[in-house]
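Pasted below: entry35.txt, compact mmCIF, C-alpha atoms.
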# COMPACT_ATOMS: atom_id res chain seq x y z
CA MET A 15 -5.56 11.78 6.48
CA MET A 16 -9.16 11.91 5.27
CA ARG A 17 -7.94 11.67 1.67
CA ALA A 18 -6.56 8.18 2.35
CA TRP A 19 -9.95 7.03 3.62
CA SER A 20 -12.16 8.61 0.92
CA LEU A 21 -12.29 5.58 -1.38
CA PRO A 22 -12.73 3.00 1.40
CA ILE A 23 -15.56 5.02 2.94
CA LEU A 24 -17.22 5.42 -0.47
CA LEU A 25 -16.98 1.66 -1.07
CA LEU A 26 -18.48 0.93 2.34
CA VAL A 27 -21.37 3.36 1.80
CA CYS A 28 -22.13 1.98 -1.68
CA GLY A 29 -22.01 -1.60 -0.45
CA SER A 30 -24.26 -0.77 2.49
CA ALA A 31 -26.77 0.97 0.22
CA ALA A 32 -26.86 -1.94 -2.21
CA ALA A 33 -27.22 -4.47 0.60
CA THR A 34 -29.97 -2.45 2.29
CA GLY A 35 -32.02 -2.56 -0.89
CA LEU A 36 -31.59 -6.32 -1.08
CA PHE A 37 -32.48 -6.77 2.60
CA PHE A 38 -35.72 -4.78 2.17
CA ARG A 39 -36.71 -7.01 -0.76
CA GLY A 40 -36.10 -10.12 1.34
CA HIS A 41 -32.87 -11.22 -0.37
CA ILE A 42 -30.88 -11.77 2.82
CA ALA A 43 -28.18 -14.07 1.40
CA GLU A 44 -27.44 -11.74 -1.51
CA GLY A 45 -27.35 -8.75 0.85
CA VAL A 46 -24.86 -10.47 3.14
CA THR A 47 -22.73 -11.40 0.12
CA ILE A 48 -22.70 -7.77 -1.07
CA VAL A 49 -21.78 -6.52 2.41
CA LEU A 50 -18.90 -9.00 2.67
CA ALA A 51 -17.62 -8.24 -0.84
CA PHE A 52 -17.65 -4.49 -0.24
CA ALA A 53 -16.07 -4.93 3.20
CA LEU A 54 -13.22 -6.83 1.55
CA LEU A 55 -12.83 -4.12 -1.10
CA THR A 56 -12.86 -1.50 1.64
CA TYR A 57 -10.07 -3.27 3.52
CA LEU A 58 -7.96 -3.80 0.39
CA ASN A 59 -8.22 -0.12 -0.53
CA SER A 60 -7.55 1.19 2.96
CA PRO A 61 -4.21 2.03 4.58
CA LEU A 62 -4.78 -0.86 7.02
CA ILE A 63 -3.32 -3.50 4.68
CA PHE A 64 0.06 -1.75 4.54
CA PRO A 65 2.76 -1.78 7.22
CA LYS A 66 2.95 1.32 9.41
CA SER A 67 4.05 4.29 7.35
CA ILE A 68 6.95 6.46 8.47
CA GLY A 69 8.24 9.80 7.21
CA ALA A 70 10.65 10.08 4.28
CA LEU A 71 13.50 11.44 6.41
CA GLU A 72 13.15 8.66 8.98
CA ALA A 73 12.94 6.03 6.22
CA GLN A 74 16.10 7.36 4.59
CA ARG A 75 17.89 7.36 7.94
CA ARG A 76 16.83 3.78 8.68
CA SER A 77 17.66 2.62 5.15
CA ALA A 78 21.16 4.09 5.45
CA VAL A 79 21.66 2.02 8.61
CA ASP A 80 20.09 -1.31 7.58
CA GLY A 81 20.24 -1.15 3.76
CA ARG A 82 16.57 -2.02 3.32
CA PRO A 83 14.63 -0.50 0.41
CA ILE A 84 12.10 2.30 0.87
CA VAL A 85 8.68 1.99 -0.74
CA PHE A 86 6.79 5.20 -1.50
CA TRP A 87 3.08 4.40 -1.82
CA ARG A 88 -0.41 5.88 -1.43
CA PRO A 89 -3.76 4.39 -0.39
CA GLY A 90 -6.03 3.29 -3.22
CA CYS A 91 -3.14 2.54 -5.59
CA ALA A 92 -3.71 -0.82 -7.28
CA TYR A 93 -0.02 -1.21 -8.10
CA CYS A 94 0.96 -0.55 -4.49
CA LEU A 95 -1.59 -3.13 -3.37
CA ARG A 96 -0.18 -5.63 -5.89
CA LEU A 97 3.33 -5.07 -4.56
CA ARG A 98 2.17 -5.38 -0.94
CA ILE A 99 0.25 -8.61 -1.55
CA ARG A 100 2.98 -10.24 -3.64
CA LEU A 101 5.63 -9.44 -1.03
CA ARG A 102 3.52 -11.16 1.63
CA ARG A 103 5.27 -11.24 5.01
CA ARG A 104 8.47 -9.79 3.57
CA ALA A 105 6.71 -6.44 3.18
CA ARG A 106 7.32 -5.70 6.83
CA HIS A 107 11.07 -5.69 6.15
CA LEU A 108 10.75 -2.63 3.91
CA HIS A 109 10.37 0.98 4.95
CA TRP A 110 6.93 2.18 3.78
CA VAL A 111 6.25 5.89 3.23
CA ASP A 112 2.74 7.17 2.42
CA ILE A 113 3.19 10.12 0.03
CA TRP A 114 -0.22 11.53 0.98
CA ARG A 115 0.87 11.88 4.61
CA ASP A 116 4.36 13.24 3.91
CA PRO A 117 4.77 16.20 1.52
CA GLU A 118 8.54 15.65 1.42
CA ALA A 119 8.00 12.07 0.27
CA ALA A 120 5.66 13.28 -2.47
CA ALA A 121 8.33 15.74 -3.59
CA LEU A 122 10.94 12.96 -3.72
CA VAL A 123 8.62 10.80 -5.84
CA ARG A 124 7.90 13.71 -8.20
CA ALA A 125 11.62 14.38 -8.56
CA ALA A 126 12.24 10.74 -9.45
CA ASN A 127 9.33 10.50 -11.93
CA ASP A 128 9.48 13.63 -14.10
CA GLY A 129 7.05 15.56 -11.90
CA ASN A 130 4.51 12.74 -11.53
CA GLU A 131 3.50 11.12 -8.24
CA THR A 132 3.89 7.63 -9.70
CA VAL A 133 3.79 4.93 -7.04
CA PRO A 134 5.01 2.52 -5.97
CA THR A 135 8.45 4.03 -6.27
CA VAL A 136 11.06 1.90 -4.53
CA LEU A 137 14.31 3.52 -3.42
CA VAL A 138 17.22 1.05 -3.32
CA ALA A 139 20.63 2.42 -2.32
CA GLY A 140 19.45 5.92 -3.20
CA LYS A 141 18.29 4.96 -6.71
CA PRO A 142 14.54 5.14 -7.51
CA HIS A 143 12.73 2.32 -9.32
CA THR A 144 9.17 3.03 -10.45
CA ASN A 145 6.62 0.21 -10.19
CA PRO A 146 9.22 -2.57 -10.01
CA ASP A 147 8.40 -6.25 -10.21
CA PRO A 148 7.67 -7.64 -6.72
CA ALA A 149 10.14 -10.50 -7.28
CA TRP A 150 12.87 -7.94 -7.95
CA VAL A 151 11.97 -6.07 -4.75
CA ARG A 152 12.14 -9.33 -2.76
CA ALA A 153 15.61 -9.94 -4.22
CA GLN A 154 16.76 -6.53 -2.96
CA LEU A 155 16.15 -7.41 0.67
CA ALA A 156 19.21 -8.18 2.73
CA PRO A 157 20.07 -11.90 3.03
CA SER A 158 19.17 -11.85 6.73
CA THR A 159 15.56 -10.89 5.95
CA ARG A 160 15.03 -13.43 3.14
CA ARG A 161 14.50 -16.27 5.63
CA ASN A 162 11.11 -14.90 6.69

This entry written out as structure tokens:
Amino acid sequence: MMRAWSLPILLLVCGSAAATGLFFRGHIAEGVTIVLAFALLTYLNSPLIFPKSIGALEAQRRSAVDGRPIVFWRPGCAYCLRLRIRLRRRARHLHWVDIWRDPEAAALVRAANDGNETVPTVLVAGKPHTNPDPAWVRAQLAPSTRRN
């Protein structure tokens, strides 16, 4: 769990240190700007921006029932963040699995990507797709979820 928060914590500490230096020199506006910019970077690189992660077995069980794709991701991954942001509200209709929290999920991703933990890997009908285009992922959602 701590591994997922390492980068966000580092960003927050660096931003705080930079802002503190600016505050001591009397540059309040610049310090506030730095704090806000680093807070945004911290949020974007944290697990908070992603829907609640479930285990690989539970995701596969749910996907077999509802036909929704499974997204294997990890915190700090720019490509995962891109996919999440471009899917917007539709992201909640997917099953999200954090490979850093689930060793079985990491093993599935390695099996699909020649031993590499390349994410995002999207599982659609049992077939893995590595770093797919977000528009393609949206198209894979069931017609009933496309309305949202």

> Counting all atoms listed in the file, what is within 6 Å of range 124-134 of chain A, bar same-chain residues fewer than 3 positions away, as number ranges by chain?
Replying inline: A: 86-87, 94, 121, 145

Can those selected residues be exported to a file as a PDB file, keeping the file's coordinate frame so that it contains C-alpha atoms?
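Saved to again11.pdb:
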ATOM      1  CA  PHE A  86       6.790   5.200  -1.500  1.00  0.00           C
ATOM      2  CA  TRP A  87       3.080   4.400  -1.820  1.00  0.00           C
ATOM      3  CA  CYS A  94       0.960  -0.550  -4.490  1.00  0.00           C
ATOM      4  CA  ALA A 121       8.330  15.740  -3.590  1.00  0.00           C
ATOM      5  CA  ASN A 145       6.620   0.210 -10.190  1.00  0.00           C
TER       6      ASN A 145
END

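Relative to CA of Asp112 in chain A, CA of Val79 in chain A is found at 20.6 Å.
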
>> Just want the 8 Å neighbourhood of Tyr57 in chain A, counted on only C-alpha atoms, with same-chain residues fewer than 5 positions away dropped. Output as JSON, numbers by chain.
In response: {"A": [22, 62, 63]}

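Of the listed residues A:Ala73, A:Leu95, A:Leu26, A:Ile84, the one whose atoms come nearest to Leu58 in chain A is A:Leu95, with distances taken using all atoms listed in the file.
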
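Proximity of A:Ile23, A:Leu71, A:Cys91, A:Ile42 to Asp116 in chain A, computed with only C-alpha atoms, is greatest for A:Leu71.
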
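Among the candidate residues A:Ala33, A:Leu122, A:Ile99, A:Ala78, the one lying nearest to Ala139 in chain A is A:Ala78, with distances computed using only C-alpha atoms.
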
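Between CA of Trp110 in chain A and CA of Phe52 in chain A the separation is 25.8 Å.
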
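Near Leu97 in chain A, within a cut-off of 9 Å and counting all atoms listed in the file, sit the residues Ala92, Arg102, Ala105, Pro134, Asn145, Pro146, Asp147, Pro148 and Val151 of chain A, with same-chain residues fewer than 5 positions away left out.
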
Just so I have it separately, write range 52-66 of chain A from the block I sent, keeping N, CA, C and O atoms, as an mmCIF file, in the first residue's frame.
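File produced: decode_24.cif:
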data_model
loop_
_atom_site.group_PDB
_atom_site.id
_atom_site.type_symbol
_atom_site.label_atom_id
_atom_site.label_comp_id
_atom_site.auth_asym_id
_atom_site.auth_seq_id
_atom_site.Cartn_x
_atom_site.Cartn_y
_atom_site.Cartn_z
ATOM 1 N N PHE A 52 1.570 21.558 -6.926
ATOM 2 C CA PHE A 52 2.034 20.270 -6.413
ATOM 3 C C PHE A 52 0.898 19.460 -5.787
ATOM 4 O O PHE A 52 0.910 18.238 -5.837
ATOM 5 N N ALA A 53 -0.084 20.136 -5.209
ATOM 6 C CA ALA A 53 -1.256 19.416 -4.679
ATOM 7 C C ALA A 53 -2.018 18.742 -5.818
ATOM 8 O O ALA A 53 -2.463 17.595 -5.687
ATOM 9 N N LEU A 54 -2.156 19.440 -6.945
ATOM 10 C CA LEU A 54 -2.814 18.853 -8.105
ATOM 11 C C LEU A 54 -2.021 17.664 -8.636
ATOM 12 O O LEU A 54 -2.590 16.602 -8.928
ATOM 13 N N LEU A 55 -0.713 17.812 -8.748
ATOM 14 C CA LEU A 55 0.132 16.694 -9.187
ATOM 15 C C LEU A 55 0.039 15.516 -8.226
ATOM 16 O O LEU A 55 0.014 14.355 -8.645
ATOM 17 N N THR A 56 -0.020 15.806 -6.945
ATOM 18 C CA THR A 56 -0.161 14.751 -5.943
ATOM 19 C C THR A 56 -1.460 13.988 -6.146
ATOM 20 O O THR A 56 -1.476 12.754 -6.163
ATOM 21 N N TYR A 57 -2.546 14.701 -6.344
ATOM 22 C CA TYR A 57 -3.852 14.068 -6.550
ATOM 23 C C TYR A 57 -3.848 13.227 -7.830
ATOM 24 O O TYR A 57 -4.323 12.092 -7.835
ATOM 25 N N LEU A 58 -3.319 13.781 -8.911
ATOM 26 C CA LEU A 58 -3.322 13.064 -10.194
ATOM 27 C C LEU A 58 -2.456 11.803 -10.171
ATOM 28 O O LEU A 58 -2.687 10.881 -10.947
ATOM 29 N N ASN A 59 -1.456 11.774 -9.307
ATOM 30 C CA ASN A 59 -0.584 10.606 -9.220
ATOM 31 C C ASN A 59 -0.934 9.684 -8.063
ATOM 32 O O ASN A 59 -0.213 8.738 -7.785
ATOM 33 N N SER A 60 -2.040 9.946 -7.409
ATOM 34 C CA SER A 60 -2.454 9.111 -6.280
ATOM 35 C C SER A 60 -3.524 8.120 -6.729
ATOM 36 O O SER A 60 -4.139 8.294 -7.777
ATOM 37 N N PRO A 61 -3.770 7.094 -5.931
ATOM 38 C CA PRO A 61 -4.848 6.155 -6.246
ATOM 39 C C PRO A 61 -6.243 6.770 -6.113
ATOM 40 O O PRO A 61 -7.218 6.162 -6.539
ATOM 41 N N LEU A 62 -6.356 7.976 -5.560
ATOM 42 C CA LEU A 62 -7.662 8.589 -5.314
ATOM 43 C C LEU A 62 -8.432 8.901 -6.590
ATOM 44 O O LEU A 62 -9.657 8.940 -6.573
ATOM 45 N N ILE A 63 -7.746 9.146 -7.696
ATOM 46 C CA ILE A 63 -8.421 9.540 -8.929
ATOM 47 C C ILE A 63 -9.089 8.346 -9.626
ATOM 48 O O ILE A 63 -9.951 8.505 -10.471
ATOM 49 N N PHE A 64 -8.697 7.145 -9.254
ATOM 50 C CA PHE A 64 -9.235 5.946 -9.891
ATOM 51 C C PHE A 64 -10.416 5.392 -9.104
ATOM 52 O O PHE A 64 -10.493 5.548 -7.898
ATOM 53 N N PRO A 65 -11.334 4.713 -9.817
ATOM 54 C CA PRO A 65 -12.429 4.041 -9.099
ATOM 55 C C PRO A 65 -11.862 3.001 -8.136
ATOM 56 O O PRO A 65 -10.716 2.564 -8.274
ATOM 57 N N LYS A 66 -12.664 2.593 -7.185
ATOM 58 C CA LYS A 66 -12.231 1.616 -6.183
ATOM 59 C C LYS A 66 -11.716 0.355 -6.860
ATOM 60 O O LYS A 66 -12.369 -0.221 -7.721
#
